[in-house]
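What follows is the content of upload-v4.txt (compact mmCIF, C-alpha atoms).
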# COMPACT_ATOMS: atom_id res chain seq x y z
CA MET A 28 -6.26 -24.34 19.42
CA GLU A 29 -7.56 -27.02 17.14
CA SER A 30 -7.93 -27.02 13.39
CA PRO A 31 -10.61 -24.72 12.00
CA LYS A 32 -14.02 -26.12 11.03
CA LYS A 33 -15.47 -25.11 7.66
CA ASP A 34 -19.13 -24.09 7.28
CA ALA A 35 -20.09 -22.49 3.96
CA SER A 36 -17.77 -19.52 3.47
CA PHE A 37 -16.81 -19.17 7.15
CA SER A 38 -14.36 -21.11 9.26
CA TYR A 39 -14.76 -21.79 12.98
CA ARG A 40 -12.03 -22.36 15.54
CA GLU A 41 -12.24 -24.07 18.90
CA VAL A 42 -10.59 -21.82 21.48
CA ASP A 43 -9.35 -22.25 25.03
CA SER A 44 -10.99 -20.59 28.03
CA ASP A 45 -8.15 -18.05 28.35
CA TYR A 46 -9.16 -16.66 24.95
CA PHE A 47 -12.37 -15.31 26.49
CA GLU A 48 -10.69 -14.18 29.72
CA LYS A 49 -8.51 -11.79 27.70
CA ARG A 50 -11.59 -10.30 26.02
CA GLN A 51 -13.78 -9.44 28.99
CA LEU A 52 -15.67 -6.16 29.10
CA LYS A 53 -14.18 -3.30 31.07
CA ARG A 54 -16.28 -0.80 33.01
CA PHE A 55 -15.98 2.72 31.64
CA ALA A 56 -19.28 4.57 32.09
CA ARG A 57 -20.49 5.53 35.55
CA VAL A 58 -24.09 5.54 36.81
CA PHE A 59 -24.66 9.19 35.86
CA HIS A 60 -23.45 8.62 32.32
CA LEU A 61 -25.69 5.59 31.82
CA TRP A 62 -28.62 7.54 33.25
CA ALA A 63 -27.90 10.48 30.92
CA LEU A 64 -27.68 8.19 27.89
CA GLY A 65 -30.98 6.52 28.81
CA VAL A 66 -32.81 9.77 29.45
CA GLY A 67 -31.26 11.31 26.35
CA ALA A 68 -32.35 8.36 24.20
CA VAL A 69 -35.92 8.59 25.48
CA ILE A 70 -36.13 12.36 25.17
CA SER A 71 -34.49 12.49 21.75
CA GLY A 72 -36.68 9.68 20.48
CA ASP A 73 -39.85 11.14 21.94
CA PHE A 74 -39.41 14.76 20.97
CA PHE A 75 -37.34 14.65 17.80
CA GLY A 76 -39.30 11.83 16.19
CA TRP A 77 -42.76 13.01 17.19
CA ASN A 78 -42.19 16.54 15.92
CA PHE A 79 -41.09 15.40 12.47
CA GLY A 80 -43.96 12.91 12.32
CA LEU A 81 -46.54 15.53 13.23
CA ALA A 82 -45.12 18.00 10.71
CA SER A 83 -45.17 15.54 7.80
CA GLY A 84 -48.22 13.39 8.50
CA GLY A 85 -50.36 15.40 10.87
CA PHE A 86 -52.08 13.83 13.86
CA GLY A 87 -53.91 11.18 11.82
CA GLY A 88 -50.83 10.13 9.88
CA LEU A 89 -48.72 9.97 13.01
CA PHE A 90 -51.45 7.96 14.78
CA ILE A 91 -51.54 5.41 11.93
CA ALA A 92 -47.74 5.17 11.85
CA THR A 93 -47.61 4.80 15.64
CA SER A 94 -50.25 2.05 15.52
CA ILE A 95 -48.30 0.11 12.88
CA ILE A 96 -45.01 0.51 14.75
CA THR A 97 -46.71 -0.54 18.01
CA LEU A 98 -47.89 -3.79 16.41
CA MET A 99 -44.43 -4.39 14.97
CA TYR A 100 -42.81 -3.70 18.34
CA VAL A 101 -45.16 -6.10 20.13
CA GLY A 102 -44.26 -8.74 17.52
CA LEU A 103 -40.57 -8.02 18.09
CA CYS A 104 -40.95 -8.40 21.87
CA TYR A 105 -42.81 -11.70 21.53
CA SER A 106 -40.27 -12.97 19.01
CA ILE A 107 -37.35 -12.14 21.28
CA ALA A 108 -39.14 -13.75 24.23
CA GLU A 109 -39.68 -16.96 22.23
CA MET A 110 -36.10 -17.03 20.94
CA THR A 111 -34.72 -16.45 24.41
CA ALA A 112 -36.50 -19.54 25.65
CA ALA A 113 -35.66 -21.62 22.56
CA MET A 114 -32.00 -20.54 22.28
CA PRO A 115 -30.74 -19.69 25.78
CA HIS A 116 -27.36 -18.18 24.95
CA THR A 117 -25.83 -14.74 25.04
CA GLY A 118 -25.38 -12.39 22.11
CA GLY A 119 -28.82 -10.90 21.65
CA ALA A 120 -30.08 -10.23 18.15
CA TYR A 121 -26.75 -11.19 16.57
CA SER A 122 -26.76 -14.56 18.27
CA PHE A 123 -30.38 -15.28 17.37
CA ALA A 124 -29.85 -14.27 13.74
CA ARG A 125 -26.67 -16.33 13.43
CA THR A 126 -28.36 -19.39 14.88
CA SER A 127 -31.51 -19.10 12.79
CA MET A 128 -30.20 -17.59 9.53
CA GLY A 129 -26.55 -18.65 9.51
CA PRO A 130 -23.33 -16.64 9.55
CA TRP A 131 -24.43 -14.05 6.97
CA GLY A 132 -27.69 -13.35 8.79
CA GLY A 133 -25.73 -12.89 12.01
CA TYR A 134 -23.20 -10.67 10.26
CA LEU A 135 -25.86 -8.37 8.78
CA THR A 136 -27.72 -8.23 12.09
CA GLY A 137 -24.47 -7.42 13.87
CA LEU A 138 -23.85 -4.56 11.42
CA ALA A 139 -27.35 -3.20 12.04
CA GLU A 140 -26.85 -3.43 15.82
CA ASN A 141 -23.54 -1.57 15.53
CA MET A 142 -25.15 1.17 13.46
CA GLU A 143 -27.79 1.54 16.16
CA TYR A 144 -25.16 1.79 18.89
CA VAL A 145 -23.22 4.42 16.93
CA LEU A 146 -26.19 6.53 15.84
CA THR A 147 -28.13 6.58 19.14
CA PRO A 148 -25.41 8.40 21.13
CA ALA A 149 -24.93 10.81 18.22
CA VAL A 150 -28.64 11.70 18.27
CA ILE A 151 -28.48 12.10 22.05
CA VAL A 152 -25.46 14.41 21.82
CA VAL A 153 -27.14 16.58 19.17
CA GLY A 154 -30.33 16.72 21.26
CA ILE A 155 -28.57 17.66 24.49
CA GLY A 156 -26.51 20.24 22.57
CA GLY A 157 -29.71 21.76 21.19
CA TYR A 158 -31.23 21.94 24.67
CA LEU A 159 -28.10 23.56 26.14
CA GLY A 160 -27.95 26.02 23.25
CA ALA A 161 -31.57 27.01 23.88
CA ILE A 162 -31.06 27.29 27.65
CA PHE A 163 -27.94 29.45 27.40
CA GLY A 164 -29.04 31.34 24.30
CA THR A 165 -25.95 30.55 22.25
CA PRO A 166 -25.99 30.98 18.47
CA GLU A 167 -26.55 27.96 16.23
CA SER A 168 -22.92 28.13 15.10
CA TRP A 169 -21.87 27.11 18.63
CA ALA A 170 -23.66 23.75 18.37
CA PRO A 171 -20.47 21.79 17.50
CA LEU A 172 -18.83 23.16 20.65
CA TRP A 173 -21.73 21.87 22.76
CA TRP A 174 -21.45 18.50 21.02
CA LEU A 175 -17.72 18.34 21.65
CA GLY A 176 -18.18 19.20 25.32
CA ILE A 177 -20.85 16.53 25.78
CA VAL A 178 -18.78 13.86 24.01
CA CYS A 179 -15.72 14.79 26.09
CA ASP A 180 -17.80 14.46 29.24
CA PHE A 181 -18.96 10.99 28.23
CA CYS A 182 -15.42 9.97 27.21
CA ARG A 183 -14.06 11.16 30.54
CA ALA A 184 -15.88 8.35 32.35

Show me this structure written as structure tokens.
Amino acid sequence: MESPKKDASFSYREVDSDYFEKRQLKRFARVFHLWALGVGAVISGDFFGWNFGLASGGFGGLFIATSIITLMYVGLCYSIAEMTAAMPHTGGAYSFARTSMGPWGGYLTGLAENMEYVLTPAVIVVGIGGYLGAIFGTPESWAPLWWLGIVCDFCRA
């Protein structure tokens, strides 16, 4: 390894190729688990979010909010498409933010991405637990047991 490079309040190090070989991703989840996470994310997002939106804003309020979010999402998709062509490297949103806004922009974006990856499975687990509780007619106090069982099933992969 060479001497670190200084850029603002961060230092960078040049590393050898074996550094990355030691840090490769390992396969844990199987096809069923990835399918369940995907379906759970869609179902929990569709049903949980829509119900709260309808209850608080009514149909008109939810329609306006959905229209605004749709425009923002289209802008996000076009932005990511442009950045992918302009900065063809891996890392997704973190990489784009770090390149365009510097290390702190990348750091904050990385934190936001991590929060998303932590909260999405939690919402899915709560949703699936609610569905199983309704199907089997268990009392609400059993919900943590459903959650634990679902998490253990995903961790078993």

So which residues touch Asp180 (chain A) within 12 Å, counting all atoms listed in the file, skipping near sequence neighbours fewer than 4 positions away, as a PDB file with C-alpha atoms, in the coordinates of the input?
ATOM      1  CA  ALA A  56     -19.280   4.570  32.090  1.00  0.00           C
ATOM      2  CA  ARG A  57     -20.490   5.530  35.550  1.00  0.00           C
ATOM      3  CA  PHE A  59     -24.660   9.190  35.860  1.00  0.00           C
ATOM      4  CA  HIS A  60     -23.450   8.620  32.320  1.00  0.00           C
ATOM      5  CA  ALA A  63     -27.900  10.480  30.920  1.00  0.00           C
ATOM      6  CA  LEU A  64     -27.680   8.190  27.890  1.00  0.00           C
ATOM      7  CA  VAL A 152     -25.460  14.410  21.820  1.00  0.00           C
ATOM      8  CA  TRP A 173     -21.730  21.870  22.760  1.00  0.00           C
ATOM      9  CA  TRP A 174     -21.450  18.500  21.020  1.00  0.00           C
ATOM     10  CA  LEU A 175     -17.720  18.340  21.650  1.00  0.00           C
ATOM     11  CA  GLY A 176     -18.180  19.200  25.320  1.00  0.00           C
ATOM     12  CA  ALA A 184     -15.880   8.350  32.350  1.00  0.00           C
TER      13      ALA A 184
END

Contacts of Ile151 (chain A) at 9 Å or less, counting all atoms listed in the file, minus same-chain residues fewer than 5 places along, as JSON, numbers by chain? {"A": [64, 66, 67, 68, 69, 70, 71, 72, 146, 156]}

Find the distance between CA of Ser83 (chain A) and CA of Ala161 (chain A) and write it in Å to one decimal. 24.0 Å

Pairwise distance for CA of Ala113 (chain A) and CA of Thr126 (chain A), rounded to one decimal in Å: 10.8 Å

Any idea what the distance is between CA of Gly137 (chain A) and CA of Arg50 (chain A)? 17.9 Å

List the neighbours of Thr93 (chain A) out to 12 Å using only C-alpha atoms; skip same-chain residues closer than 4 positions along the sequence, and give me the result as a PDB file with C-alpha atoms, in the frame of the given file.
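Done, and the output landed in out_5.pdb:
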ATOM      1  CA  ASP A  73     -39.850  11.140  21.940  1.00  0.00           C
ATOM      2  CA  GLY A  76     -39.300  11.830  16.190  1.00  0.00           C
ATOM      3  CA  TRP A  77     -42.760  13.010  17.190  1.00  0.00           C
ATOM      4  CA  GLY A  80     -43.960  12.910  12.320  1.00  0.00           C
ATOM      5  CA  LEU A  81     -46.540  15.530  13.230  1.00  0.00           C
ATOM      6  CA  GLY A  84     -48.220  13.390   8.500  1.00  0.00           C
ATOM      7  CA  GLY A  85     -50.360  15.400  10.870  1.00  0.00           C
ATOM      8  CA  PHE A  86     -52.080  13.830  13.860  1.00  0.00           C
ATOM      9  CA  GLY A  87     -53.910  11.180  11.820  1.00  0.00           C
ATOM     10  CA  GLY A  88     -50.830  10.130   9.880  1.00  0.00           C
ATOM     11  CA  LEU A  89     -48.720   9.970  13.010  1.00  0.00           C
ATOM     12  CA  THR A  97     -46.710  -0.540  18.010  1.00  0.00           C
ATOM     13  CA  LEU A  98     -47.890  -3.790  16.410  1.00  0.00           C
ATOM     14  CA  MET A  99     -44.430  -4.390  14.970  1.00  0.00           C
ATOM     15  CA  TYR A 100     -42.810  -3.700  18.340  1.00  0.00           C
TER      16      TYR A 100
END

Got a minute to add N, CA and C atoms to region 45-72 of chain A and dump it as a PDB file, in the coordinates of the input?
ATOM      1  N   ASP A  45      -8.897 -19.290  28.160  1.00  0.00           N
ATOM      2  CA  ASP A  45      -8.150 -18.050  28.350  1.00  0.00           C
ATOM      3  C   ASP A  45      -8.384 -17.053  27.209  1.00  0.00           C
ATOM      4  N   TYR A  46      -8.829 -17.540  26.077  1.00  0.00           N
ATOM      5  CA  TYR A  46      -9.160 -16.660  24.950  1.00  0.00           C
ATOM      6  C   TYR A  46     -10.249 -15.671  25.371  1.00  0.00           C
ATOM      7  N   PHE A  47     -11.270 -16.165  26.057  1.00  0.00           N
ATOM      8  CA  PHE A  47     -12.370 -15.310  26.490  1.00  0.00           C
ATOM      9  C   PHE A  47     -11.990 -14.463  27.704  1.00  0.00           C
ATOM     10  N   GLU A  48     -11.118 -14.954  28.556  1.00  0.00           N
ATOM     11  CA  GLU A  48     -10.690 -14.180  29.720  1.00  0.00           C
ATOM     12  C   GLU A  48      -9.957 -12.918  29.303  1.00  0.00           C
ATOM     13  N   LYS A  49      -9.232 -12.962  28.198  1.00  0.00           N
ATOM     14  CA  LYS A  49      -8.510 -11.790  27.700  1.00  0.00           C
ATOM     15  C   LYS A  49      -9.451 -10.770  27.075  1.00  0.00           C
ATOM     16  N   ARG A  50     -10.668 -11.158  26.750  1.00  0.00           N
ATOM     17  CA  ARG A  50     -11.590 -10.300  26.020  1.00  0.00           C
ATOM     18  C   ARG A  50     -12.810  -9.909  26.848  1.00  0.00           C
ATOM     19  N   GLN A  51     -12.660  -9.824  28.142  1.00  0.00           N
ATOM     20  CA  GLN A  51     -13.780  -9.440  28.990  1.00  0.00           C
ATOM     21  C   GLN A  51     -14.039  -7.948  28.886  1.00  0.00           C
ATOM     22  N   LEU A  52     -15.293  -7.568  29.139  1.00  0.00           N
ATOM     23  CA  LEU A  52     -15.670  -6.160  29.100  1.00  0.00           C
ATOM     24  C   LEU A  52     -15.054  -5.412  30.270  1.00  0.00           C
ATOM     25  N   LYS A  53     -14.721  -4.160  30.026  1.00  0.00           N
ATOM     26  CA  LYS A  53     -14.180  -3.300  31.070  1.00  0.00           C
ATOM     27  C   LYS A  53     -15.195  -2.195  31.354  1.00  0.00           C
ATOM     28  N   ARG A  54     -15.325  -1.831  32.614  1.00  0.00           N
ATOM     29  CA  ARG A  54     -16.280  -0.800  33.010  1.00  0.00           C
ATOM     30  C   ARG A  54     -15.691   0.579  32.735  1.00  0.00           C
ATOM     31  N   PHE A  55     -16.414   1.367  31.937  1.00  0.00           N
ATOM     32  CA  PHE A  55     -15.980   2.720  31.640  1.00  0.00           C
ATOM     33  C   PHE A  55     -16.995   3.744  32.134  1.00  0.00           C
ATOM     34  N   ALA A  56     -18.248   3.591  31.745  1.00  0.00           N
ATOM     35  CA  ALA A  56     -19.280   4.570  32.090  1.00  0.00           C
ATOM     36  C   ALA A  56     -19.706   4.402  33.544  1.00  0.00           C
ATOM     37  N   ARG A  57     -19.995   5.519  34.171  1.00  0.00           N
ATOM     38  CA  ARG A  57     -20.490   5.530  35.550  1.00  0.00           C
ATOM     39  C   ARG A  57     -22.016   5.599  35.529  1.00  0.00           C
ATOM     40  N   VAL A  58     -22.628   5.543  36.694  1.00  0.00           N
ATOM     41  CA  VAL A  58     -24.090   5.540  36.810  1.00  0.00           C
ATOM     42  C   VAL A  58     -24.691   6.786  36.169  1.00  0.00           C
ATOM     43  N   PHE A  59     -24.120   7.950  36.424  1.00  0.00           N
ATOM     44  CA  PHE A  59     -24.660   9.190  35.860  1.00  0.00           C
ATOM     45  C   PHE A  59     -24.634   9.152  34.340  1.00  0.00           C
ATOM     46  N   HIS A  60     -23.567   8.651  33.769  1.00  0.00           N
ATOM     47  CA  HIS A  60     -23.450   8.620  32.320  1.00  0.00           C
ATOM     48  C   HIS A  60     -24.477   7.664  31.697  1.00  0.00           C
ATOM     49  N   LEU A  61     -24.673   6.526  32.319  1.00  0.00           N
ATOM     50  CA  LEU A  61     -25.690   5.590  31.820  1.00  0.00           C
ATOM     51  C   LEU A  61     -27.086   6.191  31.956  1.00  0.00           C
ATOM     52  N   TRP A  62     -27.331   6.880  33.068  1.00  0.00           N
ATOM     53  CA  TRP A  62     -28.620   7.540  33.250  1.00  0.00           C
ATOM     54  C   TRP A  62     -28.814   8.605  32.177  1.00  0.00           C
ATOM     55  N   ALA A  63     -27.788   9.419  31.920  1.00  0.00           N
ATOM     56  CA  ALA A  63     -27.900  10.480  30.920  1.00  0.00           C
ATOM     57  C   ALA A  63     -28.127   9.908  29.525  1.00  0.00           C
ATOM     58  N   LEU A  64     -27.456   8.814  29.191  1.00  0.00           N
ATOM     59  CA  LEU A  64     -27.680   8.190  27.890  1.00  0.00           C
ATOM     60  C   LEU A  64     -29.112   7.672  27.779  1.00  0.00           C
ATOM     61  N   GLY A  65     -29.607   7.032  28.841  1.00  0.00           N
ATOM     62  CA  GLY A  65     -30.980   6.520  28.810  1.00  0.00           C
ATOM     63  C   GLY A  65     -32.004   7.620  28.692  1.00  0.00           C
ATOM     64  N   VAL A  66     -31.865   8.651  29.507  1.00  0.00           N
ATOM     65  CA  VAL A  66     -32.810   9.770  29.450  1.00  0.00           C
ATOM     66  C   VAL A  66     -32.684  10.487  28.109  1.00  0.00           C
ATOM     67  N   GLY A  67     -31.462  10.656  27.639  1.00  0.00           N
ATOM     68  CA  GLY A  67     -31.260  11.310  26.350  1.00  0.00           C
ATOM     69  C   GLY A  67     -31.870  10.524  25.200  1.00  0.00           C
ATOM     70  N   ALA A  68     -31.763   9.186  25.265  1.00  0.00           N
ATOM     71  CA  ALA A  68     -32.350   8.360  24.200  1.00  0.00           C
ATOM     72  C   ALA A  68     -33.871   8.488  24.210  1.00  0.00           C
ATOM     73  N   VAL A  69     -34.460   8.479  25.395  1.00  0.00           N
ATOM     74  CA  VAL A  69     -35.920   8.590  25.480  1.00  0.00           C
ATOM     75  C   VAL A  69     -36.377   9.970  25.025  1.00  0.00           C
ATOM     76  N   ILE A  70     -35.717  11.007  25.530  1.00  0.00           N
ATOM     77  CA  ILE A  70     -36.130  12.360  25.170  1.00  0.00           C
ATOM     78  C   ILE A  70     -35.914  12.615  23.690  1.00  0.00           C
ATOM     79  N   SER A  71     -34.743  12.236  23.171  1.00  0.00           N
ATOM     80  CA  SER A  71     -34.490  12.490  21.750  1.00  0.00           C
ATOM     81  C   SER A  71     -35.437  11.684  20.881  1.00  0.00           C
ATOM     82  N   GLY A  72     -35.730  10.469  21.261  1.00  0.00           N
ATOM     83  CA  GLY A  72     -36.680   9.680  20.480  1.00  0.00           C
ATOM     84  C   GLY A  72     -38.087  10.216  20.565  1.00  0.00           C
TER      85      GLY A  72
END
